[in-house]
Amino acid sequence: MVVTQENVAVNGSRRLSPQEIADILRERINNGDLKAGDRLPTQAELADEFGVERGAVRQALRVLQEAGLLTNVSKGSPPRIAVPAPALGEPQPTMVGLAPRLTEAFAVPNVRVDAACLTAETLMLALGEPLRRIHAGEIRPESIDVRLLLPSREINLAFPISVEGRGDEDPVHQRWLEMRNAQGHVLRHNLQSLRSSHGVDVRVTFRALPFTPPIKLYLLNGSEALIAYYMITKREEEWDSERLEMYDTLGGDSLLFSFEQRAGQRDAAFLEQSQKWFDALWETITTDLTLS
């Protein structure tokens, strides 16, 4: 990086204050020059760029951390630009909104995640960020308990399904089943590996639903419910040397709505009823699910 007149001095001798350094870095973040997940330069590199002592850089970084713009400050490696959490009540596509909510949920000592969905794909991918933070030493949960409700292999799914309909011989059903099992295995492996690597007490349990869920539901630590509707679309895909025409859902694009206990009586009631609904399914009409 280049030291400029703007960065270093006004009259040729005055050094920038920590707040001024923070303001410059904040502008770079807001302008997109520094993006969420990017690492900042080292404190030594920043001190050299701005022509100040490292102590001034450390103060500037703390200002940005308190503003929620940086993570990993005071660790051995350079801090990262924080991934912004969705604004309260603002729906986002599931693939965008779920990861930051999970990251916040994994910051508590005892993590509890309940999910009801068609496959574990979105949850598996969204867990990447909290798992990265655990491996980086930024968060350290003591226990993780994940319960998943997924459709049984024995039922005729409402979707995904072939447009022409093939009953028990539908290759779309076989495709879904292979995806359900593979993604479930990956999710369980990634979480259970924390036992040996970090000593985290991990439980991952599956139960089989006797119906096709019309929604995806995530319950986080008993304090937040996230819900998205499966939107059905007609599409084609190559699978096993065959072109499949199907009615399917692109779950990652579904808008995710958040209901938080702290947001008021209405949200708290929705969260409570959602948890009761999930628990009732778990304890009554669902069955053990073994991933093949």
# chains A, B, ... in the order shown; residues from 1 in each chain; ligands from 1
>>> select_by_dssp(residues="region 34-276 of chain A", states="strand (DSSP E)", output="ChimeraX atom specification")
/A:70-71,80-81,92-93,110-116,143-151,161-162,201-209,215-220,224-229,232-239,242-249,255-260
>>> residues_around(residues="Val172 (chain A)", least_positions_apart="6", cutoff="8 Å", atoms="only C-alpha atoms", output="MDAnalysis selection string")
chainID A and resid 160:162 244 246
>>> write_last_selection(atoms="all heavy atoms", output="short mmCIF file (atom, residue, chain, number, x, y, z; two decimals), in the first residue's frame")
data_model
loop_
_atom_site.label_atom_id
_atom_site.label_comp_id
_atom_site.auth_asym_id
_atom_site.auth_seq_id
_atom_site.Cartn_x
_atom_site.Cartn_y
_atom_site.Cartn_z
N PRO A 160 -39.42 -32.94 -4.87
CA PRO A 160 -39.34 -32.91 -6.33
C PRO A 160 -39.96 -34.16 -6.93
O PRO A 160 -39.92 -35.23 -6.33
CB PRO A 160 -37.83 -32.86 -6.59
CG PRO A 160 -37.23 -33.54 -5.40
CD PRO A 160 -38.10 -33.17 -4.23
N ILE A 161 -40.49 -34.00 -8.14
CA ILE A 161 -41.16 -35.11 -8.82
C ILE A 161 -41.08 -34.88 -10.33
O ILE A 161 -41.06 -33.73 -10.78
CB ILE A 161 -42.63 -35.21 -8.35
CG1 ILE A 161 -43.29 -36.47 -8.88
CG2 ILE A 161 -43.41 -33.97 -8.76
CD1 ILE A 161 -44.68 -36.72 -8.31
N SER A 162 -41.02 -35.97 -11.08
CA SER A 162 -40.99 -35.84 -12.54
C SER A 162 -42.28 -35.21 -13.04
O SER A 162 -43.37 -35.46 -12.51
CB SER A 162 -40.82 -37.21 -13.20
OG SER A 162 -39.53 -37.73 -12.96
N LEU A 244 -33.65 -34.88 -16.81
CA LEU A 244 -34.86 -34.97 -16.01
C LEU A 244 -35.65 -33.67 -16.09
O LEU A 244 -35.11 -32.59 -15.86
CB LEU A 244 -34.51 -35.26 -14.55
CG LEU A 244 -33.69 -36.53 -14.27
CD1 LEU A 244 -33.41 -36.65 -12.78
CD2 LEU A 244 -34.41 -37.76 -14.79
N MET A 246 -38.61 -31.82 -14.20
CA MET A 246 -39.18 -32.03 -12.87
C MET A 246 -39.85 -30.77 -12.33
O MET A 246 -39.57 -29.64 -12.78
CB MET A 246 -38.08 -32.46 -11.90
CG MET A 246 -37.05 -31.37 -11.60
SD MET A 246 -35.66 -31.95 -10.59
CE MET A 246 -34.63 -32.69 -11.87
#
>>> residues_around(residues="region 264-281 of chain A", least_positions_apart="5", cutoff="6 Å", atoms="only C-alpha atoms", output="list in words")
Ala225, Phe259 and Thr286 of chain A
>>> closest_residue(among="A:Arg54, A:Leu226, A:Glu178, A:Leu217", to="Asp240 (chain A)", atoms="only C-alpha atoms")
A:Glu178
>>> select_by_dssp(residues="region 50-211 of chain A", states="alpha helix (DSSP H)", output="number ranges by chain")
A: 50, 54-66, 94-105, 121-126, 128-135, 171-198
>>> atom_distance(atom1="CA of Pro213 (chain A)", atom2="CA of Ser241 (chain A)")
28.9 Å
>>> residues_around(residues="Arg140 (chain A)", least_positions_apart="4", cutoff="10 Å", atoms="only C-alpha atoms", output="list in words")
Phe106, Ala107, Val108, Pro109, Asn110, Pro130, Leu131, Arg133, Ile134, His135, Ala136, His198, Gly199 and Val200 of chain A
>>> write_last_selection(atoms="N, CA and C atoms", output="PDB file, in the first residue's frame")
ATOM      1  N   PHE A 106     -23.973 -19.987  17.245  1.00  0.00           N
ATOM      2  CA  PHE A 106     -22.859 -20.827  17.675  1.00  0.00           C
ATOM      3  C   PHE A 106     -21.917 -20.106  18.636  1.00  0.00           C
ATOM      4  N   ALA A 107     -22.188 -18.845  18.935  1.00  0.00           N
ATOM      5  CA  ALA A 107     -21.332 -18.102  19.851  1.00  0.00           C
ATOM      6  C   ALA A 107     -21.666 -18.354  21.316  1.00  0.00           C
ATOM      7  N   VAL A 108     -22.723 -19.125  21.593  1.00  0.00           N
ATOM      8  CA  VAL A 108     -23.098 -19.420  22.987  1.00  0.00           C
ATOM      9  C   VAL A 108     -22.461 -20.739  23.404  1.00  0.00           C
ATOM     10  N   PRO A 109     -22.349 -21.000  24.719  1.00  0.00           N
ATOM     11  CA  PRO A 109     -21.698 -22.241  25.163  1.00  0.00           C
ATOM     12  C   PRO A 109     -22.418 -23.507  24.715  1.00  0.00           C
ATOM     13  N   ASN A 110     -23.767 -23.526  24.782  1.00  0.00           N
ATOM     14  CA  ASN A 110     -24.522 -24.730  24.461  1.00  0.00           C
ATOM     15  C   ASN A 110     -25.444 -24.445  23.279  1.00  0.00           C
ATOM     16  N   PRO A 130     -19.770 -20.684  10.823  1.00  0.00           N
ATOM     17  CA  PRO A 130     -19.518 -20.962  12.241  1.00  0.00           C
ATOM     18  C   PRO A 130     -18.436 -22.019  12.452  1.00  0.00           C
ATOM     19  N   LEU A 131     -18.344 -23.016  11.581  1.00  0.00           N
ATOM     20  CA  LEU A 131     -17.283 -24.012  11.717  1.00  0.00           C
ATOM     21  C   LEU A 131     -15.915 -23.378  11.485  1.00  0.00           C
ATOM     22  N   ARG A 133     -15.111 -20.332  12.141  1.00  0.00           N
ATOM     23  CA  ARG A 133     -14.792 -19.527  13.314  1.00  0.00           C
ATOM     24  C   ARG A 133     -14.378 -20.394  14.495  1.00  0.00           C
ATOM     25  N   ILE A 134     -14.960 -21.576  14.612  1.00  0.00           N
ATOM     26  CA  ILE A 134     -14.528 -22.494  15.672  1.00  0.00           C
ATOM     27  C   ILE A 134     -13.095 -22.931  15.423  1.00  0.00           C
ATOM     28  N   HIS A 135     -12.783 -23.322  14.187  1.00  0.00           N
ATOM     29  CA  HIS A 135     -11.428 -23.778  13.865  1.00  0.00           C
ATOM     30  C   HIS A 135     -10.415 -22.637  13.989  1.00  0.00           C
ATOM     31  N   ALA A 136     -10.863 -21.396  13.789  1.00  0.00           N
ATOM     32  CA  ALA A 136      -9.968 -20.240  13.933  1.00  0.00           C
ATOM     33  C   ALA A 136      -9.806 -19.806  15.381  1.00  0.00           C
ATOM     34  N   HIS A 198     -11.621 -30.277  18.799  1.00  0.00           N
ATOM     35  CA  HIS A 198     -11.800 -29.204  19.777  1.00  0.00           C
ATOM     36  C   HIS A 198     -12.464 -29.659  21.071  1.00  0.00           C
ATOM     37  N   GLY A 199     -12.731 -30.940  21.207  1.00  0.00           N
ATOM     38  CA  GLY A 199     -13.329 -31.428  22.444  1.00  0.00           C
ATOM     39  C   GLY A 199     -14.756 -30.987  22.663  1.00  0.00           C
ATOM     40  N   VAL A 200     -15.477 -30.675  21.586  1.00  0.00           N
ATOM     41  CA  VAL A 200     -16.865 -30.224  21.701  1.00  0.00           C
ATOM     42  C   VAL A 200     -17.774 -31.448  21.795  1.00  0.00           C
TER      43      VAL A 200
END
>>> residues_around(residues="Arg207 (chain A)", least_positions_apart="2", cutoff="12 Å", atoms="only C-alpha atoms", output="number ranges by chain")
A: 114-117, 146-153, 184, 204-205, 209-210, 278-279, 281-291
>>> write_last_selection(atoms="C-alpha atoms", output="PDB file, in the first residue's frame")
ATOM      1  CA  ASP A 114     -33.597 -27.911  15.202  1.00  0.00           C
ATOM      2  CA  ALA A 115     -34.384 -28.041  11.488  1.00  0.00           C
ATOM      3  CA  ALA A 116     -37.213 -29.378   9.336  1.00  0.00           C
ATOM      4  CA  CYS A 117     -36.445 -29.334   5.622  1.00  0.00           C
ATOM      5  CA  VAL A 146     -28.548 -30.668  16.076  1.00  0.00           C
ATOM      6  CA  ARG A 147     -31.857 -32.393  15.291  1.00  0.00           C
ATOM      7  CA  LEU A 148     -33.068 -32.722  11.705  1.00  0.00           C
ATOM      8  CA  LEU A 149     -36.454 -33.741  10.350  1.00  0.00           C
ATOM      9  CA  LEU A 150     -36.184 -34.932   6.732  1.00  0.00           C
ATOM     10  CA  PRO A 151     -38.756 -36.726   4.549  1.00  0.00           C
ATOM     11  CA  SER A 152     -38.826 -40.508   4.718  1.00  0.00           C
ATOM     12  CA  ARG A 153     -37.547 -42.455   1.726  1.00  0.00           C
ATOM     13  CA  GLY A 184     -26.715 -35.522   5.767  1.00  0.00           C
ATOM     14  CA  VAL A 204     -26.491 -34.957  15.404  1.00  0.00           C
ATOM     15  CA  THR A 205     -29.798 -36.846  15.147  1.00  0.00           C
ATOM     16  CA  LEU A 209     -41.111 -37.230   8.273  1.00  0.00           C
ATOM     17  CA  PRO A 210     -44.101 -39.087   6.793  1.00  0.00           C
ATOM     18  CA  PHE A 278     -41.263 -29.460  15.896  1.00  0.00           C
ATOM     19  CA  ASP A 279     -41.127 -31.286  19.235  1.00  0.00           C
ATOM     20  CA  LEU A 281     -43.420 -34.245  15.257  1.00  0.00           C
ATOM     21  CA  TRP A 282     -40.143 -35.456  16.731  1.00  0.00           C
ATOM     22  CA  GLU A 283     -41.850 -37.357  19.540  1.00  0.00           C
ATOM     23  CA  THR A 284     -44.916 -38.779  17.721  1.00  0.00           C
ATOM     24  CA  ILE A 285     -45.359 -39.568  14.018  1.00  0.00           C
ATOM     25  CA  THR A 286     -41.728 -39.444  12.840  1.00  0.00           C
ATOM     26  CA  THR A 287     -39.464 -42.495  12.761  1.00  0.00           C
ATOM     27  CA  ASP A 288     -35.756 -43.230  13.051  1.00  0.00           C
ATOM     28  CA  LEU A 289     -33.862 -42.221   9.936  1.00  0.00           C
ATOM     29  CA  THR A 290     -30.715 -44.079   8.903  1.00  0.00           C
ATOM     30  CA  LEU A 291     -28.677 -42.490   6.126  1.00  0.00           C
TER      31      LEU A 291
END
>>> atom_distance(atom1="CA of Phe206 (chain A)", atom2="CA of Leu157 (chain A)")
18.1 Å
>>> closest_residue(among="A:Ile155, A:Leu61, A:Ala263, A:Leu191", to="Gly128 (chain A)", atoms="only C-alpha atoms")
A:Leu191
>>> closest_residue(among="A:Pro93, A:Pro79, A:Gly68, A:Gly222", to="Pro41 (chain A)", atoms="only C-alpha atoms")
A:Pro79
>>> residues_around(residues="Glu224 (chain A)", least_positions_apart="4", cutoff="6 Å", atoms="only C-alpha atoms", output="number ranges by chain")
A: 219-220, 259-260
>>> residues_around(residues="Val83 (chain A)", least_positions_apart="4", cutoff="9 Å", atoms="only C-alpha atoms", output="list in words")
Lys35, Ala36, Gly37, Leu69, Leu70, Thr71 and Pro100 of chain A
>>> closest_residue(among="A:Gly32, A:Pro91, A:Pro78, A:Pro141", to="Asp201 (chain A)", atoms="only C-alpha atoms")
A:Pro141
>>> decode(residues="region 252-273 of chain A", atoms="N, CA, C and O atoms", output="compact mmCIF listing (two decimals), in the first residue's frame")
# COMPACT_ATOMS: atom_id res chain seq x y z
N GLY A 252 -32.50 -22.55 -1.65
CA GLY A 252 -31.59 -21.48 -1.23
C GLY A 252 -32.07 -20.10 -1.61
O GLY A 252 -31.62 -19.11 -1.03
N ASP A 253 -32.97 -20.01 -2.59
CA ASP A 253 -33.49 -18.71 -3.03
C ASP A 253 -34.73 -18.28 -2.25
O ASP A 253 -35.16 -17.13 -2.37
N SER A 254 -35.34 -19.20 -1.49
CA SER A 254 -36.56 -18.86 -0.74
C SER A 254 -36.25 -17.80 0.31
O SER A 254 -35.22 -17.86 0.99
N LEU A 255 -37.14 -16.83 0.46
CA LEU A 255 -36.92 -15.78 1.45
C LEU A 255 -37.06 -16.33 2.86
O LEU A 255 -38.02 -17.05 3.18
N LEU A 256 -36.12 -15.97 3.72
CA LEU A 256 -36.06 -16.47 5.09
C LEU A 256 -36.58 -15.37 6.03
O LEU A 256 -36.05 -14.27 6.06
N PHE A 257 -37.62 -15.70 6.78
CA PHE A 257 -38.23 -14.75 7.71
C PHE A 257 -37.81 -15.10 9.14
O PHE A 257 -37.84 -16.27 9.53
N SER A 258 -37.45 -14.10 9.91
CA SER A 258 -36.94 -14.31 11.27
C SER A 258 -37.96 -13.85 12.31
O SER A 258 -38.58 -12.79 12.17
N PHE A 259 -38.12 -14.68 13.35
CA PHE A 259 -38.96 -14.35 14.49
C PHE A 259 -38.12 -14.56 15.75
O PHE A 259 -37.75 -15.69 16.06
N GLU A 260 -37.82 -13.48 16.46
CA GLU A 260 -36.94 -13.55 17.61
C GLU A 260 -37.73 -13.35 18.90
O GLU A 260 -38.63 -12.51 18.98
N GLN A 261 -37.33 -14.08 19.91
CA GLN A 261 -38.00 -13.99 21.21
C GLN A 261 -37.95 -12.58 21.76
O GLN A 261 -38.92 -12.08 22.35
N ARG A 262 -36.83 -11.90 21.54
CA ARG A 262 -36.64 -10.56 22.10
C ARG A 262 -37.39 -9.48 21.33
O ARG A 262 -37.41 -8.31 21.74
N ALA A 263 -38.01 -9.84 20.18
CA ALA A 263 -38.63 -8.84 19.32
C ALA A 263 -40.06 -8.48 19.73
O ALA A 263 -40.67 -7.61 19.12
N GLY A 264 -40.58 -9.13 20.74
CA GLY A 264 -41.92 -8.80 21.19
C GLY A 264 -42.81 -10.02 21.32
O GLY A 264 -42.43 -11.14 20.97
N GLN A 265 -44.02 -9.81 21.83
CA GLN A 265 -44.93 -10.90 22.15
C GLN A 265 -45.32 -11.71 20.91
O GLN A 265 -45.42 -12.94 20.96
N ARG A 266 -45.55 -11.04 19.79
CA ARG A 266 -45.97 -11.75 18.57
C ARG A 266 -44.89 -12.71 18.10
O ARG A 266 -45.17 -13.87 17.79
N ASP A 267 -43.66 -12.23 18.01
CA ASP A 267 -42.55 -13.09 17.59
C ASP A 267 -42.32 -14.22 18.58
O ASP A 267 -42.06 -15.37 18.20
N ALA A 268 -42.40 -13.90 19.88
CA ALA A 268 -42.18 -14.91 20.91
C ALA A 268 -43.23 -16.01 20.83
O ALA A 268 -42.91 -17.20 21.00
N ALA A 269 -44.47 -15.64 20.53
CA ALA A 269 -45.53 -16.64 20.41
C ALA A 269 -45.29 -17.53 19.19
O ALA A 269 -45.51 -18.75 19.24
N PHE A 270 -44.86 -16.94 18.07
CA PHE A 270 -44.57 -17.74 16.88
C PHE A 270 -43.44 -18.71 17.16
O PHE A 270 -43.50 -19.89 16.77
N LEU A 271 -42.39 -18.23 17.83
CA LEU A 271 -41.26 -19.09 18.18
C LEU A 271 -41.72 -20.25 19.06
O LEU A 271 -41.36 -21.42 18.83
N GLU A 272 -42.53 -19.96 20.07
CA GLU A 272 -42.99 -20.99 20.99
C GLU A 272 -43.82 -22.05 20.26
O GLU A 272 -43.62 -23.26 20.46
N GLN A 273 -44.73 -21.62 19.40
CA GLN A 273 -45.57 -22.57 18.67
C GLN A 273 -44.75 -23.39 17.67
O GLN A 273 -45.01 -24.58 17.46
